$ cat data-v9.cif   # mmCIF, C-alpha atoms
data_final
#
loop_
_atom_site.label_atom_id
_atom_site.label_comp_id
_atom_site.auth_asym_id
_atom_site.auth_seq_id
_atom_site.Cartn_x
_atom_site.Cartn_y
_atom_site.Cartn_z
CA MET A 1 47.27 -53.61 20.21
CA THR A 2 49.00 -50.22 20.40
CA ALA A 3 49.55 -48.28 23.58
CA VAL A 4 51.25 -45.06 22.49
CA GLN A 5 49.48 -42.15 24.13
CA SER A 6 48.80 -38.79 22.55
CA PRO A 7 48.41 -35.63 24.65
CA PRO A 8 44.88 -35.44 26.04
CA ALA A 9 42.63 -32.78 24.58
CA PRO A 10 40.51 -30.64 26.89
CA PRO A 11 36.85 -31.50 27.16
CA THR A 12 34.34 -29.68 25.05
CA ALA A 13 33.53 -26.10 26.00
CA ILE A 14 29.80 -26.72 26.31
CA LYS A 15 29.14 -29.38 28.92
CA ARG A 16 26.06 -31.54 29.07
CA PRO A 17 24.13 -30.04 26.14
CA ARG A 18 21.48 -32.74 26.65
CA VAL A 19 20.67 -31.31 30.08
CA VAL A 20 20.44 -27.80 28.64
CA ALA A 21 18.06 -28.91 25.87
CA ARG A 22 15.94 -31.07 28.18
CA THR A 23 15.64 -28.28 30.74
CA GLY A 24 14.68 -25.85 28.00
CA LEU A 25 11.94 -28.15 26.72
CA TYR A 26 10.51 -28.68 30.20
CA ALA A 27 10.64 -24.95 30.89
CA VAL A 28 8.76 -24.15 27.68
CA LEU A 29 6.10 -26.75 28.47
CA ALA A 30 5.72 -25.52 32.06
CA ALA A 31 5.44 -21.90 30.91
CA ASN A 32 2.69 -22.80 28.46
CA VAL A 33 0.82 -24.79 31.09
CA ALA A 34 0.90 -21.68 33.28
CA VAL A 35 -0.34 -19.46 30.42
CA VAL A 36 -3.16 -21.85 29.50
CA THR A 37 -4.21 -22.08 33.16
CA TYR A 38 -4.24 -18.29 33.42
CA PHE A 39 -6.44 -17.88 30.34
CA PHE A 40 -8.72 -20.63 31.64
CA THR A 41 -9.26 -18.86 34.96
CA GLN A 42 -9.77 -15.51 33.20
CA ALA A 43 -12.56 -17.00 31.10
CA GLY A 44 -14.55 -17.89 34.22
CA PHE A 45 -15.78 -21.22 35.58
CA ALA A 46 -18.85 -23.23 34.76
CA SER A 47 -21.18 -23.97 37.63
CA ASN A 48 -20.67 -27.71 37.26
CA THR A 49 -17.40 -29.06 38.70
CA LEU A 50 -17.25 -31.95 36.24
CA ILE A 51 -17.49 -29.57 33.30
CA VAL A 52 -14.71 -27.41 34.76
CA LEU A 53 -12.45 -30.43 35.15
CA GLY A 54 -13.35 -31.64 31.66
CA ARG A 55 -12.48 -28.34 30.03
CA LEU A 56 -9.20 -28.09 31.89
CA ALA A 57 -8.27 -31.66 30.92
CA GLY A 58 -9.08 -30.84 27.29
CA LEU A 59 -6.82 -27.77 27.37
CA TYR A 60 -3.91 -29.70 28.85
CA GLY A 61 -4.45 -32.55 26.37
CA ALA A 62 -4.39 -30.14 23.44
CA LEU A 63 -1.24 -28.49 24.78
CA LEU A 64 0.41 -31.91 25.04
CA MET A 65 -0.58 -32.54 21.41
CA ALA A 66 1.28 -29.40 20.35
CA PHE A 67 4.28 -30.44 22.45
CA GLN A 68 4.12 -33.88 20.85
CA LEU A 69 4.47 -32.34 17.40
CA VAL A 70 7.67 -30.58 18.46
CA LEU A 71 9.08 -33.88 19.76
CA VAL A 72 8.55 -35.63 16.41
CA ALA A 73 9.57 -32.69 14.22
CA ARG A 74 13.20 -33.89 14.04
CA LEU A 75 14.52 -30.40 14.61
CA PRO A 76 18.33 -30.45 14.30
CA TRP A 77 18.97 -28.37 17.43
CA LEU A 78 17.00 -30.77 19.64
CA ASP A 79 18.09 -33.95 17.88
CA ARG A 80 21.82 -33.21 18.18
CA ARG A 81 21.48 -32.51 21.89
CA ILE A 82 18.93 -35.09 23.00
CA GLY A 83 18.97 -37.81 20.35
CA MET A 84 16.13 -39.29 18.34
CA ASP A 85 15.89 -42.35 20.58
CA ARG A 86 15.23 -40.28 23.71
CA LEU A 87 12.90 -37.92 21.86
CA THR A 88 11.00 -40.98 20.64
CA SER A 89 10.73 -42.29 24.20
CA TRP A 90 9.35 -38.92 25.37
CA HIS A 91 7.02 -38.92 22.36
CA ARG A 92 5.64 -42.30 23.41
CA TRP A 93 4.93 -41.28 27.01
CA THR A 94 3.56 -37.91 25.94
CA GLY A 95 1.24 -39.81 23.61
CA PHE A 96 -0.19 -41.79 26.51
CA GLY A 97 -0.56 -38.53 28.44
CA ILE A 98 -2.60 -37.13 25.55
CA LEU A 99 -4.78 -40.25 25.48
CA PHE A 100 -5.56 -40.13 29.20
CA THR A 101 -6.19 -36.37 29.38
CA LEU A 102 -8.51 -36.41 26.36
CA LEU A 103 -10.38 -39.42 27.70
CA ALA A 104 -10.78 -37.55 30.98
CA HIS A 105 -11.99 -34.52 29.02
CA ALA A 106 -14.65 -36.54 27.22
CA VAL A 107 -15.85 -38.38 30.34
CA PHE A 108 -16.02 -35.29 32.58
CA ILE A 109 -17.77 -33.19 29.92
CA VAL A 110 -20.39 -35.83 29.09
CA PHE A 111 -21.14 -36.66 32.72
CA GLY A 112 -21.07 -32.98 33.65
CA TYR A 113 -23.66 -32.03 31.08
CA ALA A 114 -25.71 -35.14 31.90
CA GLU A 115 -25.79 -34.03 35.52
CA SER A 116 -27.32 -30.71 34.44
CA SER A 117 -29.94 -32.31 32.19
CA ASP A 118 -32.36 -35.22 32.33
CA LEU A 119 -30.34 -37.29 29.84
CA ASP A 120 -28.20 -40.33 30.53
CA PRO A 121 -24.51 -40.06 29.51
CA VAL A 122 -24.94 -41.93 26.20
CA ASN A 123 -27.87 -39.81 25.03
CA GLN A 124 -26.10 -36.72 26.32
CA LEU A 125 -23.10 -37.53 24.12
CA VAL A 126 -25.38 -38.01 21.10
CA ASP A 127 -27.13 -34.72 21.86
CA LEU A 128 -23.80 -32.84 22.09
CA ALA A 129 -22.63 -34.34 18.81
CA GLU A 130 -25.85 -33.28 17.07
CA THR A 131 -26.24 -29.80 18.54
CA VAL A 132 -22.79 -28.39 19.33
CA GLU A 133 -20.41 -27.38 16.56
CA GLY A 134 -17.19 -29.38 16.46
CA VAL A 135 -18.16 -32.08 18.97
CA LEU A 136 -18.53 -34.74 16.28
CA ARG A 137 -15.08 -33.84 14.97
CA ALA A 138 -13.72 -34.17 18.48
CA ILE A 139 -15.27 -37.64 18.85
CA VAL A 140 -13.62 -38.78 15.62
CA ALA A 141 -10.28 -37.31 16.79
CA LEU A 142 -10.53 -39.14 20.11
CA ALA A 143 -11.33 -42.43 18.35
CA ILE A 144 -8.22 -42.04 16.17
CA ILE A 145 -6.06 -41.30 19.21
CA ILE A 146 -7.42 -44.39 21.00
CA VAL A 147 -6.52 -46.58 18.00
CA VAL A 148 -3.02 -45.06 17.77
CA GLY A 149 -2.55 -45.54 21.51
CA ALA A 150 -3.61 -49.19 21.23
CA VAL A 151 -1.09 -49.99 18.48
CA SER A 152 1.63 -48.15 20.40
CA GLY A 153 1.45 -50.53 23.34
CA ARG A 154 4.46 -52.82 23.58
CA TYR A 155 2.49 -55.98 22.82
CA ALA A 156 0.97 -54.59 19.62
CA ARG A 157 4.08 -52.67 18.55
CA ARG A 158 6.25 -55.78 18.57
CA ARG A 159 3.83 -57.57 16.26
CA LEU A 160 3.41 -54.83 13.67
CA ALA A 161 5.75 -54.05 10.82
CA TYR A 162 7.28 -50.60 11.14
CA GLU A 163 5.61 -49.49 7.89
CA THR A 164 2.16 -50.53 9.20
CA TRP A 165 2.70 -48.85 12.55
CA HIS A 166 3.97 -45.70 10.83
CA PHE A 167 0.99 -45.58 8.43
CA ILE A 168 -1.47 -45.82 11.33
CA HIS A 169 0.43 -43.06 13.14
CA LEU A 170 -0.03 -40.72 10.19
CA TYR A 171 -3.71 -40.52 11.08
CA THR A 172 -2.63 -38.69 14.23
CA TYR A 173 -2.25 -35.58 12.08
CA VAL A 174 -5.91 -35.91 11.10
CA ALA A 175 -6.81 -36.11 14.79
CA VAL A 176 -4.70 -33.02 15.50
CA VAL A 177 -6.54 -30.95 12.89
CA LEU A 178 -9.97 -32.16 14.03
CA ALA A 179 -9.20 -31.51 17.70
CA PHE A 180 -7.81 -28.05 17.01
CA THR A 181 -10.82 -26.94 14.96
CA HIS A 182 -13.12 -28.23 17.69
CA GLN A 183 -11.27 -26.30 20.36
CA VAL A 184 -11.14 -22.94 18.60
CA ALA A 185 -14.82 -23.30 17.68
CA VAL A 186 -16.31 -24.03 21.11
CA GLY A 187 -13.53 -23.62 23.69
CA THR A 188 -14.72 -20.83 25.96
CA THR A 189 -11.14 -20.14 27.06
CA PHE A 190 -10.30 -18.93 23.56
CA THR A 191 -13.64 -17.73 22.18
CA SER A 192 -13.95 -15.20 25.01
CA SER A 193 -10.59 -13.50 24.53
CA SER A 194 -8.85 -12.30 21.37
CA VAL A 195 -5.50 -12.40 23.17
CA ALA A 196 -6.05 -16.02 24.20
CA THR A 197 -7.13 -16.88 20.67
CA SER A 198 -3.99 -15.30 19.21
CA TYR A 199 -1.85 -17.14 21.73
CA TRP A 200 -3.45 -20.49 20.87
CA TYR A 201 -2.97 -19.95 17.14
CA GLY A 202 0.66 -19.02 17.87
CA VAL A 203 1.30 -22.21 19.86
CA TRP A 204 -0.12 -24.41 17.14
CA GLY A 205 1.57 -22.39 14.41
CA VAL A 206 4.95 -23.04 16.02
CA ALA A 207 4.18 -26.74 16.56
CA LEU A 208 2.91 -27.40 13.03
CA GLY A 209 5.62 -25.19 11.55
CA SER A 210 8.25 -27.27 13.36
CA VAL A 211 6.93 -30.44 11.74
CA ILE A 212 6.82 -28.89 8.28
CA VAL A 213 10.36 -27.52 8.59
CA GLY A 214 11.95 -30.58 10.21
CA ARG A 215 10.17 -33.34 8.31
CA LEU A 216 9.69 -31.73 4.89
CA VAL A 217 11.54 -28.49 4.17
CA LEU A 218 14.97 -29.39 5.58
CA PRO A 219 15.20 -32.87 3.95
CA LEU A 220 14.07 -31.52 0.57
CA TRP A 221 16.44 -28.55 0.78
CA ARG A 222 19.46 -30.59 1.80
CA ASN A 223 18.93 -33.23 -0.86
CA TRP A 224 18.43 -30.61 -3.56
CA ARG A 225 21.61 -28.90 -2.40
CA HIS A 226 23.89 -31.93 -1.99
CA GLN A 227 22.68 -34.24 -4.81
CA LEU A 228 24.07 -37.46 -3.32
CA ARG A 229 25.02 -40.34 -5.62
CA VAL A 230 26.59 -43.74 -5.04
CA THR A 231 30.25 -43.77 -6.10
CA ALA A 232 31.32 -47.24 -4.90
CA VAL A 233 29.84 -50.42 -3.39
CA VAL A 234 32.48 -52.40 -1.48
CA PRO A 235 31.74 -55.81 0.13
CA GLU A 236 33.41 -55.98 3.55
CA SER A 237 32.46 -59.64 4.17
CA ASP A 238 29.88 -62.17 3.06
CA ASN A 239 27.06 -60.24 4.72
CA VAL A 240 28.43 -56.71 5.20
CA VAL A 241 28.78 -54.00 2.55
CA SER A 242 30.02 -50.40 2.51
CA ILE A 243 28.47 -47.80 0.23
CA TYR A 244 30.37 -44.64 -0.64
CA MET A 245 28.55 -41.50 -1.76
CA SER A 246 29.60 -38.11 -3.03
CA GLY A 247 27.74 -34.92 -3.87
CA ARG A 248 27.87 -31.15 -3.91
CA ASP A 249 28.97 -28.94 -1.03
CA LEU A 250 29.39 -31.85 1.37
CA ASP A 251 31.77 -29.69 3.39
CA ARG A 252 28.67 -27.67 4.35
CA MET A 253 26.58 -30.66 5.41
CA PRO A 254 26.21 -30.50 9.24
CA ALA A 255 27.07 -34.16 9.82
CA ARG A 256 29.32 -35.49 12.58
CA ALA A 257 30.93 -38.81 13.32
CA GLY A 258 28.51 -41.06 15.21
CA GLN A 259 25.36 -39.75 13.51
CA PHE A 260 23.06 -41.63 11.16
CA PHE A 261 20.81 -40.89 8.19
CA LEU A 262 17.60 -42.39 6.89
CA TRP A 263 18.80 -43.56 3.47
CA ARG A 264 16.59 -44.01 0.41
CA PHE A 265 18.23 -45.38 -2.73
CA LEU A 266 16.14 -44.05 -5.60
CA THR A 267 15.68 -47.17 -7.68
CA PRO A 268 12.29 -48.50 -8.89
CA ASP A 269 12.23 -51.22 -6.22
CA ARG A 270 13.80 -49.33 -3.27
CA TRP A 271 12.78 -45.64 -3.41
CA TRP A 272 9.98 -46.15 -0.86
CA GLN A 273 12.23 -47.84 1.74
CA ALA A 274 14.07 -45.70 4.29
CA ASN A 275 16.68 -47.47 6.43
CA PRO A 276 18.67 -45.97 9.32
CA PHE A 277 22.43 -46.54 8.97
CA SER A 278 25.23 -44.77 10.78
CA LEU A 279 28.15 -43.15 9.05
CA SER A 280 31.05 -45.58 9.25
CA ALA A 281 33.66 -42.90 8.58
CA ALA A 282 33.90 -39.34 9.84
CA PRO A 283 32.57 -36.89 7.22
CA ASP A 284 35.50 -35.35 5.33
CA GLY A 285 33.60 -32.85 3.17
CA ARG A 286 33.99 -34.98 0.04
CA THR A 287 32.36 -38.37 0.66
CA LEU A 288 29.96 -40.13 3.00
CA ARG A 289 30.10 -43.81 3.81
CA LEU A 290 27.68 -46.24 5.41
CA THR A 291 28.45 -49.85 6.30
CA ALA A 292 25.52 -52.23 6.75
CA LYS A 293 25.03 -55.84 7.70
CA ALA A 294 22.42 -57.93 5.89
CA ALA A 295 19.70 -58.22 8.53
CA GLY A 296 16.71 -58.34 6.17
CA ALA A 297 15.74 -58.12 2.53
CA GLY A 298 16.31 -54.35 2.42
CA SER A 299 19.81 -54.31 3.87
CA ALA A 300 20.79 -57.49 1.98
CA ALA A 301 19.93 -55.79 -1.32
CA LEU A 302 22.38 -52.95 -0.69
CA ARG A 303 25.28 -54.84 -2.26
CA HIS A 304 23.35 -54.77 -5.55
CA VAL A 305 22.94 -50.98 -5.63
CA LYS A 306 24.49 -49.58 -8.81
CA VAL A 307 27.15 -46.89 -8.94
CA GLY A 308 25.52 -43.62 -9.94
CA THR A 309 22.24 -44.29 -8.08
CA ARG A 310 20.72 -41.14 -6.62
CA VAL A 311 20.36 -41.18 -2.85
CA PHE A 312 17.80 -39.30 -0.77
CA ALA A 313 19.18 -38.96 2.77
CA GLU A 314 17.18 -37.59 5.71
CA GLY A 315 19.42 -36.33 8.47
CA PRO A 316 21.93 -36.24 9.95
CA TYR A 317 20.30 -37.47 13.15
CA GLY A 318 21.53 -38.52 16.56
CA ALA A 319 23.32 -37.28 19.66
CA PHE A 320 25.95 -40.05 19.66
CA THR A 321 28.74 -37.57 18.97
CA ALA A 322 31.78 -35.97 20.56
CA MET A 323 29.59 -32.94 21.28
CA HIS A 324 28.59 -34.68 24.54
CA ARG A 325 32.07 -35.36 25.85
CA THR A 326 32.71 -34.51 29.48
CA ARG A 327 36.23 -35.95 29.88
CA PRO A 328 39.45 -35.60 27.86
CA GLU A 329 39.86 -39.39 27.51
CA ALA A 330 37.39 -41.95 26.21
CA VAL A 331 36.50 -45.63 25.97
CA LEU A 332 34.77 -46.80 22.77
CA ILE A 333 32.94 -50.13 23.07
CA ALA A 334 31.53 -51.75 19.93
CA GLY A 335 29.65 -54.98 19.36
CA GLY A 336 29.31 -56.51 15.91
CA VAL A 337 28.24 -54.07 13.21
CA GLY A 338 27.81 -51.47 15.97
CA VAL A 339 31.44 -50.77 15.18
CA THR A 340 30.40 -48.41 12.36
CA PRO A 341 29.71 -45.26 14.45
CA ILE A 342 32.53 -46.25 16.83
CA ARG A 343 35.02 -46.34 13.96
CA ALA A 344 33.82 -42.90 12.81
CA LEU A 345 34.06 -41.50 16.35
CA LEU A 346 37.62 -42.79 16.78
CA GLU A 347 38.58 -40.87 13.66
CA GLU A 348 37.21 -37.60 15.09
CA LEU A 349 38.00 -37.88 18.80
CA HIS A 350 41.05 -36.21 20.33
CA GLY A 351 42.76 -37.39 23.48
CA HIS A 352 43.70 -40.91 24.48
CA ALA A 353 41.11 -43.55 23.62
CA VAL A 354 40.66 -47.22 24.39
CA VAL A 355 38.66 -49.18 21.81
CA ILE A 356 37.04 -52.50 22.77
CA TYR A 357 35.58 -54.47 19.87
CA ARG A 358 33.40 -57.46 20.87
CA VAL A 359 32.64 -60.12 18.23
CA SER A 360 31.95 -63.84 18.15
CA SER A 361 35.00 -64.65 16.03
CA ASP A 362 37.82 -62.91 14.18
CA ARG A 363 35.99 -63.16 10.84
CA ASP A 364 33.08 -61.12 12.30
CA ALA A 365 35.38 -58.17 13.04
CA VAL A 366 34.21 -55.88 10.24
CA LEU A 367 36.43 -52.84 9.61
CA TYR A 368 39.02 -54.23 12.03
CA ASP A 369 41.93 -53.36 9.75
CA GLU A 370 40.74 -49.75 9.61
CA LEU A 371 40.35 -49.66 13.39
CA ARG A 372 43.85 -51.04 13.85
CA ASP A 373 45.37 -48.45 11.51
CA LEU A 374 43.43 -45.62 13.14
CA ALA A 375 44.43 -46.76 16.61
CA LEU A 376 48.09 -46.83 15.56
CA ALA A 377 47.87 -43.37 14.00
CA LYS A 378 46.07 -41.82 16.98
CA GLY A 379 47.94 -43.57 19.76
CA ALA A 380 44.86 -45.46 20.94
CA GLU A 381 44.61 -48.88 22.55
CA LEU A 382 42.64 -51.50 20.64
CA HIS A 383 41.26 -54.68 22.21
CA LEU A 384 39.60 -57.31 20.02
CA VAL A 385 37.46 -59.50 22.28
CA THR A 386 36.21 -62.73 20.70
CA GLY A 387 34.21 -65.72 21.87
CA PRO A 388 30.64 -66.79 22.67
CA PRO A 389 28.36 -64.58 24.78
CA VAL A 390 28.93 -66.76 27.86
CA PRO A 391 31.02 -66.18 29.85
CA ASP A 392 30.59 -62.42 29.69
CA LYS A 393 33.91 -61.01 28.48
CA LEU A 394 32.75 -57.45 29.14
CA ALA A 395 31.84 -58.07 32.76
CA PRO A 396 32.92 -55.45 35.31
CA GLY A 397 36.16 -57.26 36.14
CA GLU A 398 37.12 -57.62 32.49
CA LEU A 399 36.39 -53.97 31.70
CA ALA A 400 38.36 -52.83 34.75
CA ARG A 401 41.30 -54.99 33.66
CA MET A 402 41.36 -53.49 30.16
CA VAL A 403 40.63 -49.93 31.31
CA PRO A 404 41.61 -49.42 34.97
CA ASP A 405 40.60 -45.73 34.89
CA ILE A 406 37.28 -46.30 33.12
CA ALA A 407 35.36 -44.26 35.73
CA ASP A 408 37.41 -41.21 34.72
CA ARG A 409 36.62 -41.52 31.00
CA ASP A 410 33.70 -40.94 28.69
CA VAL A 411 32.25 -44.25 27.49
CA PHE A 412 30.71 -44.50 24.01
CA LEU A 413 28.76 -47.73 23.48
CA CYS A 414 27.11 -49.21 20.39
CA GLY A 415 26.09 -52.78 19.63
CA PRO A 416 23.21 -55.30 19.75
CA PRO A 417 20.65 -54.53 22.50
CA PRO A 418 21.51 -57.53 24.73
CA MET A 419 25.20 -56.65 24.67
CA MET A 420 24.48 -52.97 25.32
CA ASN A 421 22.23 -53.79 28.27
CA ALA A 422 24.90 -56.06 29.76
CA VAL A 423 27.65 -53.45 29.34
CA LEU A 424 25.46 -50.72 30.83
CA GLY A 425 25.01 -52.96 33.88
CA SER A 426 28.78 -53.43 34.09
CA LEU A 427 29.37 -49.69 33.88
CA ARG A 428 26.94 -49.13 36.75
CA GLU A 429 28.80 -51.65 38.87
CA LEU A 430 32.05 -49.87 38.06
CA ASN A 431 30.50 -46.57 39.23
CA VAL A 432 30.95 -44.82 35.90
CA PRO A 433 28.93 -41.57 36.27
CA LYS A 434 25.82 -41.55 34.11
CA PRO A 435 26.70 -38.26 32.29
CA GLN A 436 29.87 -39.97 31.03
CA ILE A 437 27.98 -42.86 29.39
CA HIS A 438 26.89 -42.21 25.80
CA PHE A 439 24.77 -44.59 23.74
CA GLU A 440 21.93 -44.40 21.28
CA ARG A 441 19.39 -46.91 20.04
CA PHE A 442 17.83 -46.71 16.57
CA SER A 443 14.29 -45.65 17.34
CA LEU A 444 12.17 -43.62 14.95
CA ALA A 445 9.30 -41.38 15.95
CA GLY A 446 6.37 -41.59 13.55
#
$ encode --input "data-v9.cif" --output "structure tokens"
Amino acid sequence: MTAVQSPPAPPTAIKRPRVVARTGLYAVLAANVAVVTYFFTQAGFASNTLIVLGRLAGLYGALLMAFQLVLVARLPWLDRRIGMDRLTSWHRWTGFGILFTLLAHAVFIVFGYAESSDLDPVNQLVDLAETVEGVLRAIVALAIIIVVGAVSGRYARRRLAYETWHFIHLYTYVAVVLAFTHQVAVGTTFTSSSVATSYWYGVWGVALGSVIVGRLVLPLWRNWRHQLRVTAVVPESDNVVSIYMSGRDLDRMPARAGQFFLWRFLTPDRWWQANPFSLSAAPDGRTLRLTAKAAGAGSAALRHVKVGTRVFAEGPYGAFTAMHRTRPEAVLIAGGVGVTPIRALLEELHGHAVVIYRVSSDRDAVLYDELRDLALAKGAELHLVTGPPVPDKLAPGELARMVPDIADRDVFLCGPPPMMNAVLGSLRELNVPKPQIHFERFSLAG
């Protein structure tokens, strides 16, 4: 362990970029809710209260659908400030909001029209589907959204392979198109006003354009530009391997220590698999490196990738970077293979740092030699904590002993979920302010 201190660097000039981005998103959504409400009132009200409520619920549900597209677009500006894991969490809850508002729309509309006719709700729904343009498309869209909502529940999600869940989610785009065409065809709010119609096309143009740019154009452009290829495959232990890549103009790739990519190795048996792995070294403009532990067939096969293999990398993604620093000094806590982004961050961070590396045994301490050398070069403290999970060696008392001033530092945390949850609890007990705690979970929005 080294304890030579380097002069602390000042905190970043832009503080709390996550708050800025989150506030901006909420403000945009609130402004559009106000605009939609204004156009709705300008179009006039139906005589039936249920129909009024149904139309308003449909408008808000459609607006949430457009907002949902922005959340899953993987736009770099939002992703670097908020993080894909938090955007995915918002995406999930927004999805349930869409489901409930569109269900309310369907129920209020059907019962509202049934109240004005001599038909029961079921026959009224059939009559609307047969006589009103776009209603059948809307029914199909709602059915798709119900199915997607069902498989997104925690019980179903845990029992589905990611590929299956993702494939089902792709049908959401079909629902979006069907719902949009239904709304512009029969929505009185937009059919009665050319300004409202132009506004609605603008909202959806921005939302769909965001998806096309973030999910298609940017990945294709960056991979065409950088032409990544494997240059070395280095086993770090029996079940951990590092892969080095080089390419063109890597000094112009907007990647930072702590971020991750979705990696596709373009071989006949692997091109269709995309796996999220963090950079295990800070980008230097010449090479990129990932370090992965064999946790399944896909990651286990990485040690057999051949030098020269083309790599398609989507990203960089993630807000687990020094961009979010609020203090000049930091604590970096890693568990197991979660050391990979921590090692990269240590390379980039300025100011005094304390690194705590939690593993079961010395032989599990992947990249420890690199961490030790980096700590020595940067004047950081390095603690290797070994042993079984119980007793908790990262309990509040233990953390306070290793880092007495932990409440005055930024804390960067990465490791297995149980360890991260335990450490987050310890940090709360130590009264570390929430804005100073930085962590990210691998969570992909479909």
$ residues_near_point --input "data-v9.cif" --point "(-20.0, -29.3, 40.4)" --cutoff "12 Å" --atoms "only C-alpha atoms" --output "ChimeraX atom specification"
/A:45-54,108-109,111-116
$ atom_distance --input "data-v9.cif" --atom1 "atom CA of Phe96 of chain A" --atom2 "atom CA of Pro76 of chain A"
24.9 Å
$ residues_near_point --input "data-v9.cif" --point "(-8.7, -32.1, 21.6)" --cutoff "8 Å" --atoms "all atoms listed in the file" --output "list in words"
Gly58, Leu59, Gly61, Ala62, Leu102, Ala138, Ala141, Leu142, Val176, Leu178, Ala179, Phe180, His182 and Gln183 of chain A
$ resolve_selection --input "data-v9.cif" --expression "the PyMOL selection byres ((chain A and resi 204-215) around 10)" --output "number ranges by chain"
A: 62-63, 65-76, 173, 176, 180, 199-203, 216-221, 314-315
$ write_last_selection --input "data-v9.cif" --atoms "C-alpha atoms" --output "mmCIF file, in the frame of the given file"
data_model
loop_
_atom_site.group_PDB
_atom_site.id
_atom_site.type_symbol
_atom_site.label_atom_id
_atom_site.label_comp_id
_atom_site.auth_asym_id
_atom_site.auth_seq_id
_atom_site.Cartn_x
_atom_site.Cartn_y
_atom_site.Cartn_z
ATOM 1 C CA ALA A 62 -4.390 -30.140 23.440
ATOM 2 C CA LEU A 63 -1.240 -28.490 24.780
ATOM 3 C CA MET A 65 -0.580 -32.540 21.410
ATOM 4 C CA ALA A 66 1.280 -29.400 20.350
ATOM 5 C CA PHE A 67 4.280 -30.440 22.450
ATOM 6 C CA GLN A 68 4.120 -33.880 20.850
ATOM 7 C CA LEU A 69 4.470 -32.340 17.400
ATOM 8 C CA VAL A 70 7.670 -30.580 18.460
ATOM 9 C CA LEU A 71 9.080 -33.880 19.760
ATOM 10 C CA VAL A 72 8.550 -35.630 16.410
ATOM 11 C CA ALA A 73 9.570 -32.690 14.220
ATOM 12 C CA ARG A 74 13.200 -33.890 14.040
ATOM 13 C CA LEU A 75 14.520 -30.400 14.610
ATOM 14 C CA PRO A 76 18.330 -30.450 14.300
ATOM 15 C CA TYR A 173 -2.250 -35.580 12.080
ATOM 16 C CA VAL A 176 -4.700 -33.020 15.500
ATOM 17 C CA PHE A 180 -7.810 -28.050 17.010
ATOM 18 C CA TYR A 199 -1.850 -17.140 21.730
ATOM 19 C CA TRP A 200 -3.450 -20.490 20.870
ATOM 20 C CA TYR A 201 -2.970 -19.950 17.140
ATOM 21 C CA GLY A 202 0.660 -19.020 17.870
ATOM 22 C CA VAL A 203 1.300 -22.210 19.860
ATOM 23 C CA LEU A 216 9.690 -31.730 4.890
ATOM 24 C CA VAL A 217 11.540 -28.490 4.170
ATOM 25 C CA LEU A 218 14.970 -29.390 5.580
ATOM 26 C CA PRO A 219 15.200 -32.870 3.950
ATOM 27 C CA LEU A 220 14.070 -31.520 0.570
ATOM 28 C CA TRP A 221 16.440 -28.550 0.780
ATOM 29 C CA GLU A 314 17.180 -37.590 5.710
ATOM 30 C CA GLY A 315 19.420 -36.330 8.470
#
$ atom_distance --input "data-v9.cif" --atom1 "atom CA of Arg229 of chain A" --atom2 "atom CA of Phe265 of chain A"
8.9 Å
$ resolve_selection --input "data-v9.cif" --expression "the PyMOL selection byres ((chain A and resi 327-336) around 7)" --output "list of chain:residue names"
A:Pro8, A:Ala9, A:Pro10, A:Pro11, A:Arg325, A:Thr326, A:Val337, A:Gly338, A:Val339, A:Ile342, A:Gly351, A:His352, A:Ala353, A:Val354, A:Val355, A:Ile356, A:Tyr357, A:Arg358, A:Val359, A:Asp364, A:Ala365, A:Arg409, A:Asp410, A:Val411, A:Phe412, A:Leu413, A:Cys414, A:Gly415, A:Pro416
$ residues_around --input "data-v9.cif" --residues "Val234 of chain A" --least-positions-apart "4" --cutoff "7 Å" --atoms "only C-alpha atoms" --output "MDAnalysis selection string"
chainID A and resid 241:243
$ write_last_selection --input "data-v9.cif" --atoms "C-alpha atoms" --output "short mmCIF file (atom, residue, chain, number, x, y, z; two decimals), in the frame of the given file"
data_model
loop_
_atom_site.label_atom_id
_atom_site.label_comp_id
_atom_site.auth_asym_id
_atom_site.auth_seq_id
_atom_site.Cartn_x
_atom_site.Cartn_y
_atom_site.Cartn_z
CA VAL A 241 28.78 -54.00 2.55
CA SER A 242 30.02 -50.40 2.51
CA ILE A 243 28.47 -47.80 0.23
#
$ axis_aligned_box --input "data-v9.cif" --around "segment 315-320 of chain A" --padding-each-side "3 Å" --output "JSON"
{"center_x": 22.7, "center_y": -38.1, "center_z": 14.1, "size_x": 12.5, "size_y": 9.8, "size_z": 17.2}
